[in-house]
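Chemist: Got a structure here, written out as structure tokens. Questions coming.
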Number of protein chains: 4
Amino acid sequence: MYEVMQTRISKLVHTTAFEIFIIIVIVISALGIGAETFELSPDFRDVMGIFDYGVSIFFLIEISFRFLAEKNKGQFFKSGWNIFDLTIVLVSLMPLEYSQVAIVGRLIRVFRVLRLISVVPELRILIGSLFKAMPQFGYVILLMFIIFYIYGAMGNFLFRDINPELWGNISLCMLTLFRIMTLEDWTDILYETMEVMPFSWIFYLSFIFLTTFVFLNMVIGIIVSVMEEERMKRNEVSLLDQQKDMKSLITVIEELKAEVGILKNQMKKDPA
Amino acid sequence: MYEVMQTRISKLVHTTAFEIFIIIVIVISALGIGAETFELSPDFRDVMGIFDYGVSIFFLIEISFRFLAEKNKGQFFKSGWNIFDLTIVLVSLMPLEYSQVAIVGRLIRVFRVLRLISVVPELRILIGSLFKAMPQFGYVILLMFIIFYIYGAMGNFLFRDINPELWGNISLCMLTLFRIMTLEDWTDILYETMEVMPFSWIFYLSFIFLTTFVFLNMVIGIIVSVMEEERMKRNEVSLLDQQKDMKSLITVIEELKAEVGILKNQMKKDPA
Amino acid sequence: MYEVMQTRISKLVHTTAFEIFIIIVIVISALGIGAETFELSPDFRDVMGIFDYGVSIFFLIEISFRFLAEKNKGQFFKSGWNIFDLTIVLVSLMPLEYSQVAIVGRLIRVFRVLRLISVVPELRILIGSLFKAMPQFGYVILLMFIIFYIYGAMGNFLFRDINPELWGNISLCMLTLFRIMTLEDWTDILYETMEVMPFSWIFYLSFIFLTTFVFLNMVIGIIVSVMEEERMKRNEVSLLDQQKDMKSLITVIEELKAEVGILKNQMKKDPA
Amino acid sequence: MYEVMQTRISKLVHTTAFEIFIIIVIVISALGIGAETFELSPDFRDVMGIFDYGVSIFFLIEISFRFLAEKNKGQFFKSGWNIFDLTIVLVSLMPLEYSQVAIVGRLIRVFRVLRLISVVPELRILIGSLFKAMPQFGYVILLMFIIFYIYGAMGNFLFRDINPELWGNISLCMLTLFRIMTLEDWTDILYETMEVMPFSWIFYLSFIFLTTFVFLNMVIGIIVSVMEEERMKRNEVSLLDQQKDMKSLITVIEELKAEVGILKNQMKKDPA
């Protein structure tokens, strides 16, 4: 009897209608969260609260269904997306209604919109490819961090007394440097320090050149590596085809050679 | 008699002179719209109004000619560009002279400049390729929207009381986030919230990193896919050539093998 | 006697020492122009004036030498770089010492620095490749101009009364739009019009999306076309090699087949 | 006995544990430098000073160990990274405690963080590839400099009296132009000069177009050249393989032809 139920649930879970229904629920709950940011009547706010709770419970039921539909229960928890879904739903069901923690509770509820990614397969693939691209950034980000740290310490030593709000300690310095990297009003900072240290433009320009250069190289590196990967996939196939062609050619010729060899031997014997 | 006229119109419509004449009319009407934005004498303004109406009627006649020149009348309305042209001209002929609606009428007249795109073939191709590139953006834009929505809701919860003009509701939040993504005076917003919440830089930096990362990946994705497409086209041709070469080689060798086989058989029979 | 002199000049003009000497003169004259921008004593300024005139005359002599060294005098004026050099030098020799025109004279002298490009071969190649890339931009720039014109006219109709300094006429509008495209304080303009027209953000966002999209597509288009060109060059060579290999293979096999054919014929005759 | 010690040190230096230990020391010393930028008790500051000196001495010992581990002592100083390491450590050991020079001493200590690059192999490779990409920029940077110099001189001539703080001399001009290239509040500068010279927008727009164009071309040039390089490496291998295949094919057929030739000769002799 359990198996019958499992088959039915499994069928239900994999229908397109079920998927679309879940997407609709996620979108409506997202709209609900958005609506709450506007001025609302208290009545509507109460209704929203109940609806919100309902959505969380619905999600819990949905995930339970998916769990039941899975034959190999252990497999279920090996999928990162399932754990992701479950965590979001469980956390959003926690009763956090005290002033301070209420904000946390609300923030967590927002993350339910992320379920859209785990439900729409195309978005899952997209996120997957984004995650795959990340390790390539690894050492470049480390290098960037070293550059930021060194310039941060230098900036603190040089400009601390000029503007302590921007250069007061190394973490403030690094935030200021990030601002300079985004070129956001960086000349205001430059002009301020240039009044005291006329050569401080070297600090800013070298930093902008360095970070732009490293950033550009990272982007180019990624483009090249992604294209290489694509080409590798394609090339392997075409190379295999070519090698097969070549091999069949050579075997055909070898066979021919063997036959000619037989002919020659026959000729030698014949006249005798 | 109708057919004679149709042939004549068809010839006229496809001459280069006709095309250039229409381009000139569009450009002059565009210049007229531009001229109206400067301070003008009322007399000139009146003349412009009449000229403007004349241009619309001329366009109507031109499109009628094209319609007459088309043999298969149904085909005419299947071309998106024809519908585009007709809509612009018909709308610009609507008599909207009341204060409020007059602005709408004027705005619509501006869109007549867009006819330049439908008349110049190179621009049509360009727009065509832009439209073809759009679906690739589809899911990335959806992902971007999800990121904006989640950060928007979070920004509203966290910073609503700090600056309601920027974070008052979710649509204001998303506009503010778009501003942050363009790095436009984003540190003003950052410093404002950091005074109340010292760790709010995490919100901004993570948002900038995330959107930059997704944007970069989209750009790279498009570059790679466009180049793949180009290569596919080229490769198919060269692969076909190679396969043909290989096949002709193999048939030549097979023929050779067959002849050697005949030789061998002759030899066997001979001594007998 | 004239020919002897020509040969000597031709030899002199093509020595590396001569080229380096000219580069040094250009650099010194450039430094002179730079030095004049600082506060200088009148004496030094007078010396600079004489030196400056001397440089122009030196350049005139140098170009004359090049002209004399050229055997085919007509060919000399077919090179764009020669005309470029001559124009700069001749114009810089014009006596413009009256207050108003003096600025023009000075500006022209600045352009003598451009001679560095015509003298250093690597820079000539670089500029050549930049010019070659330009026509590709052609229609994209036309499309951009159409977008700017339409948005400019719309901006004038909608926002003229809100801020006439930014939206007063179509040329001001287009400058404002260029500013918005560079994302320079674009939110100041946005917030200003949003107070009167709350939905004016659609105007700005659609414009930013459109121009970014067209710009991105242009960049990608250039990358792809440059890479295609490179590949074409390389591929032609490798394809030719492959085709040669194939042809030699086929001729070798055809020869073999012919010989086997002769063999068979001999066999047929033999038993007879 | 010396050799035994050398072998031991060589073994020690190449263990992963040793490398990780050095990385930890560098990171801790970096954290120390960062910590000093915050408000600290004098006691802690004293401890930091001693710790800092200890780190420098530890680095000196470490480099000595590496030197001892190297069999060919001359080879040691041929590696740029070794000289880099040694310079940093020696300079950071110099006793600079006088007010003015103290800042220099501190700045130098910051550079010890750069040792992270020389210790982590992946970062060394990254930096190596960055340095390799640099010469490609060479002439483009020269071209950029020429553009900056010419626009700088022009800017000085035209706008000197409008705002001497921005256009006072050619070095200020070039800094202002760099600011304009980064699009940082460039319209403030534009509006200021447009009040006096209404057509000065041509100066700014042409400059922005030119630098963007050259910059874009540089980026594209680098992408293309990097990808060409990658492909060259790969293609050489595949081309070699193909050529080998072709050669072996041709030799096999030539052998076959030779055998058929022998056959024919035998036939000719036989009937005789």
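Each chain in the structure tokens gets a letter, A, B and so on, in the order shown; residues start at 1 in every chain, and ligands are counted from 1 in the order they appear.
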Using only C-alpha atoms, which chain B residues lie at most 7 Å away from chain C, written as a list of chain:residue names?

Modeler: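 Applying the cut-off to the listed atoms yields B:Gly34, B:Thr37, B:Phe38, B:Ile103, B:Leu107, B:Val110, B:Phe111, B:Leu123, B:Thr182, B:Glu184, B:Ile223, B:Met227, B:Leu249, B:Leu256, B:Leu263.
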
Chemist: Can you write out the residues you just picked, keeping N, CA and C atoms, as a PDB file, in the first residue's frame?

Modeler:
```pdb
ATOM      1  N   GLY B  34      13.482  68.064 -34.204  1.00  0.00           N
ATOM      2  CA  GLY B  34      14.577  68.636 -33.421  1.00  0.00           C
ATOM      3  C   GLY B  34      14.491  70.145 -33.359  1.00  0.00           C
ATOM      4  N   THR B  37      12.345  71.915 -30.791  1.00  0.00           N
ATOM      5  CA  THR B  37      12.759  71.975 -29.380  1.00  0.00           C
ATOM      6  C   THR B  37      13.444  73.290 -29.069  1.00  0.00           C
ATOM      7  N   PHE B  38      13.828  74.060 -30.117  1.00  0.00           N
ATOM      8  CA  PHE B  38      14.438  75.373 -29.886  1.00  0.00           C
ATOM      9  C   PHE B  38      13.339  76.433 -29.854  1.00  0.00           C
ATOM     10  N   ILE B 103       0.897  66.037 -25.843  1.00  0.00           N
ATOM     11  CA  ILE B 103       2.242  65.508 -25.562  1.00  0.00           C
ATOM     12  C   ILE B 103       2.377  64.102 -26.124  1.00  0.00           C
ATOM     13  N   LEU B 107       5.023  62.820 -28.844  1.00  0.00           N
ATOM     14  CA  LEU B 107       5.935  61.700 -28.579  1.00  0.00           C
ATOM     15  C   LEU B 107       5.848  60.676 -29.696  1.00  0.00           C
ATOM     16  N   VAL B 110       7.701  61.517 -32.742  1.00  0.00           N
ATOM     17  CA  VAL B 110       9.146  61.286 -32.621  1.00  0.00           C
ATOM     18  C   VAL B 110       9.508  59.888 -33.117  1.00  0.00           C
ATOM     19  N   PHE B 111       8.624  58.941 -32.851  1.00  0.00           N
ATOM     20  CA  PHE B 111       8.929  57.556 -33.208  1.00  0.00           C
ATOM     21  C   PHE B 111       9.008  57.346 -34.720  1.00  0.00           C
ATOM     22  N   LEU B 123      20.558  48.552 -41.034  1.00  0.00           N
ATOM     23  CA  LEU B 123      20.034  48.739 -39.680  1.00  0.00           C
ATOM     24  C   LEU B 123      19.033  47.643 -39.338  1.00  0.00           C
ATOM     25  N   THR B 182      24.989  50.613 -10.794  1.00  0.00           N
ATOM     26  CA  THR B 182      25.713  51.494 -11.716  1.00  0.00           C
ATOM     27  C   THR B 182      26.814  52.256 -10.983  1.00  0.00           C
ATOM     28  N   GLU B 184      26.690  54.587  -8.960  1.00  0.00           N
ATOM     29  CA  GLU B 184      26.435  56.027  -8.955  1.00  0.00           C
ATOM     30  C   GLU B 184      26.267  56.516  -7.514  1.00  0.00           C
ATOM     31  N   ILE B 223      29.555  36.199 -25.547  1.00  0.00           N
ATOM     32  CA  ILE B 223      30.741  36.150 -26.416  1.00  0.00           C
ATOM     33  C   ILE B 223      30.976  34.718 -26.877  1.00  0.00           C
ATOM     34  N   MET B 227      30.577  33.222 -30.718  1.00  0.00           N
ATOM     35  CA  MET B 227      31.743  32.676 -31.405  1.00  0.00           C
ATOM     36  C   MET B 227      31.552  31.205 -31.781  1.00  0.00           C
ATOM     37  N   LEU B 249      39.106   9.069 -51.056  1.00  0.00           N
ATOM     38  CA  LEU B 249      40.341   8.303 -50.840  1.00  0.00           C
ATOM     39  C   LEU B 249      40.031   6.820 -50.656  1.00  0.00           C
ATOM     40  N   LEU B 256      41.173  -0.158 -55.939  1.00  0.00           N
ATOM     41  CA  LEU B 256      42.509  -0.733 -56.115  1.00  0.00           C
ATOM     42  C   LEU B 256      42.548  -2.153 -55.566  1.00  0.00           C
ATOM     43  N   LEU B 263      43.366  -9.701 -59.957  1.00  0.00           N
ATOM     44  CA  LEU B 263      44.704 -10.177 -60.368  1.00  0.00           C
ATOM     45  C   LEU B 263      45.019 -11.529 -59.737  1.00  0.00           C
TER      46      LEU B 263
END
```

Chemist: For CA of Pro135 (chain A) and CA of Val120 (chain D), quote the distance in Å rounded to one decimal.

Modeler: 16.3 Å

Chemist: Just the residues within 10 Å of Ala69 (chain A), please, counting only C-alpha atoms, with nothing from its chain fewer than 5 positions along; format it as a PDB file with N, CA, C and O atoms, in the first residue's frame.

Modeler:
```pdb
ATOM      1  N   GLU A   3       3.819   1.511  -1.211  1.00  0.00           N
ATOM      2  CA  GLU A   3       4.430   1.653  -2.531  1.00  0.00           C
ATOM      3  C   GLU A   3       3.491   2.306  -3.534  1.00  0.00           C
ATOM      4  O   GLU A   3       3.914   3.103  -4.376  1.00  0.00           O
ATOM      5  N   MET A   5       1.175   4.431  -2.855  1.00  0.00           N
ATOM      6  CA  MET A   5       1.148   5.850  -2.533  1.00  0.00           C
ATOM      7  C   MET A   5       2.407   6.539  -3.067  1.00  0.00           C
ATOM      8  O   MET A   5       2.344   7.607  -3.655  1.00  0.00           O
ATOM      9  N   GLN A   6       3.520   5.866  -2.859  1.00  0.00           N
ATOM     10  CA  GLN A   6       4.792   6.447  -3.310  1.00  0.00           C
ATOM     11  C   GLN A   6       4.783   6.695  -4.823  1.00  0.00           C
ATOM     12  O   GLN A   6       5.182   7.753  -5.294  1.00  0.00           O
ATOM     13  N   THR A   7       4.277   5.694  -5.571  1.00  0.00           N
ATOM     14  CA  THR A   7       4.222   5.834  -7.026  1.00  0.00           C
ATOM     15  C   THR A   7       3.330   7.009  -7.414  1.00  0.00           C
ATOM     16  O   THR A   7       3.663   7.793  -8.296  1.00  0.00           O
ATOM     17  N   ARG A   8       2.184   7.097  -6.730  1.00  0.00           N
ATOM     18  CA  ARG A   8       1.262   8.196  -7.028  1.00  0.00           C
ATOM     19  C   ARG A   8       1.913   9.549  -6.764  1.00  0.00           C
ATOM     20  O   ARG A   8       1.838  10.469  -7.589  1.00  0.00           O
ATOM     21  N   ILE A   9       2.547   9.685  -5.599  1.00  0.00           N
ATOM     22  CA  ILE A   9       3.199  10.959  -5.236  1.00  0.00           C
ATOM     23  C   ILE A   9       4.305  11.266  -6.240  1.00  0.00           C
ATOM     24  O   ILE A   9       4.440  12.394  -6.718  1.00  0.00           O
ATOM     25  N   SER A  10       5.061  10.235  -6.562  1.00  0.00           N
ATOM     26  CA  SER A  10       6.166  10.414  -7.508  1.00  0.00           C
ATOM     27  C   SER A  10       5.650  10.956  -8.841  1.00  0.00           C
ATOM     28  O   SER A  10       6.240  11.860  -9.433  1.00  0.00           O
ATOM     29  N   LYS A  11       4.511  10.386  -9.287  1.00  0.00           N
ATOM     30  CA  LYS A  11       3.897  10.845 -10.542  1.00  0.00           C
ATOM     31  C   LYS A  11       3.470  12.293 -10.418  1.00  0.00           C
ATOM     32  O   LYS A  11       3.755  13.126 -11.283  1.00  0.00           O
ATOM     33  N   LEU A  12       2.780  12.594  -9.298  1.00  0.00           N
ATOM     34  CA  LEU A  12       2.286  13.946  -9.061  1.00  0.00           C
ATOM     35  C   LEU A  12       3.423  14.963  -9.062  1.00  0.00           C
ATOM     36  O   LEU A  12       3.359  15.999  -9.722  1.00  0.00           O
ATOM     37  N   VAL A  13       4.513  14.624  -8.328  1.00  0.00           N
ATOM     38  CA  VAL A  13       5.632  15.562  -8.145  1.00  0.00           C
ATOM     39  C   VAL A  13       6.282  15.905  -9.474  1.00  0.00           C
ATOM     40  O   VAL A  13       6.779  17.014  -9.667  1.00  0.00           O
ATOM     41  N   HIS A  14       6.283  14.952 -10.387  1.00  0.00           N
ATOM     42  CA  HIS A  14       6.993  15.190 -11.643  1.00  0.00           C
ATOM     43  C   HIS A  14       6.112  15.752 -12.764  1.00  0.00           C
ATOM     44  O   HIS A  14       6.579  15.911 -13.878  1.00  0.00           O
ATOM     45  N   ILE A  63       7.978  19.576   0.087  1.00  0.00           N
ATOM     46  CA  ILE A  63       9.275  18.919   0.227  1.00  0.00           C
ATOM     47  C   ILE A  63       9.094  17.503   0.780  1.00  0.00           C
ATOM     48  O   ILE A  63       9.775  16.563   0.350  1.00  0.00           O
ATOM     49  N   SER A  64       8.135  17.334   1.723  1.00  0.00           N
ATOM     50  CA  SER A  64       7.849  15.992   2.243  1.00  0.00           C
ATOM     51  C   SER A  64       7.443  15.079   1.090  1.00  0.00           C
ATOM     52  O   SER A  64       7.887  13.927   0.990  1.00  0.00           O
ATOM     53  N   PHE A  76      18.313  11.542  -1.260  1.00  0.00           N
ATOM     54  CA  PHE A  76      17.597  12.814  -1.149  1.00  0.00           C
ATOM     55  C   PHE A  76      18.456  13.902  -0.513  1.00  0.00           C
ATOM     56  O   PHE A  76      18.487  15.031  -0.978  1.00  0.00           O
TER      57      PHE A  76
END
```

Chemist: Could you check which of C:Gly74, C:Val91, C:Ile50, C:Leu116 is closest to Val25 (chain C), using only C-alpha atoms?

Modeler: C:Leu116

Chemist: How many Å separate CA of Ser92 (chain B) from CA of Thr193 (chain C)?

Modeler: 26.3 Å

Chemist: Calculate how many Å separate CA of Gln266 (chain D) from CA of Gln266 (chain C), rounding to one decimal.

Modeler: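 Here the two named atoms are 11.3 Å from each other.
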
Chemist: Going by DSSP on the backbone, which residues of region 95-174 of chain A come out as alpha helix (DSSP H)? List them as number ranges by chain.

Modeler: A: 99-110, 115-119, 121-159, 164-167, 170-174
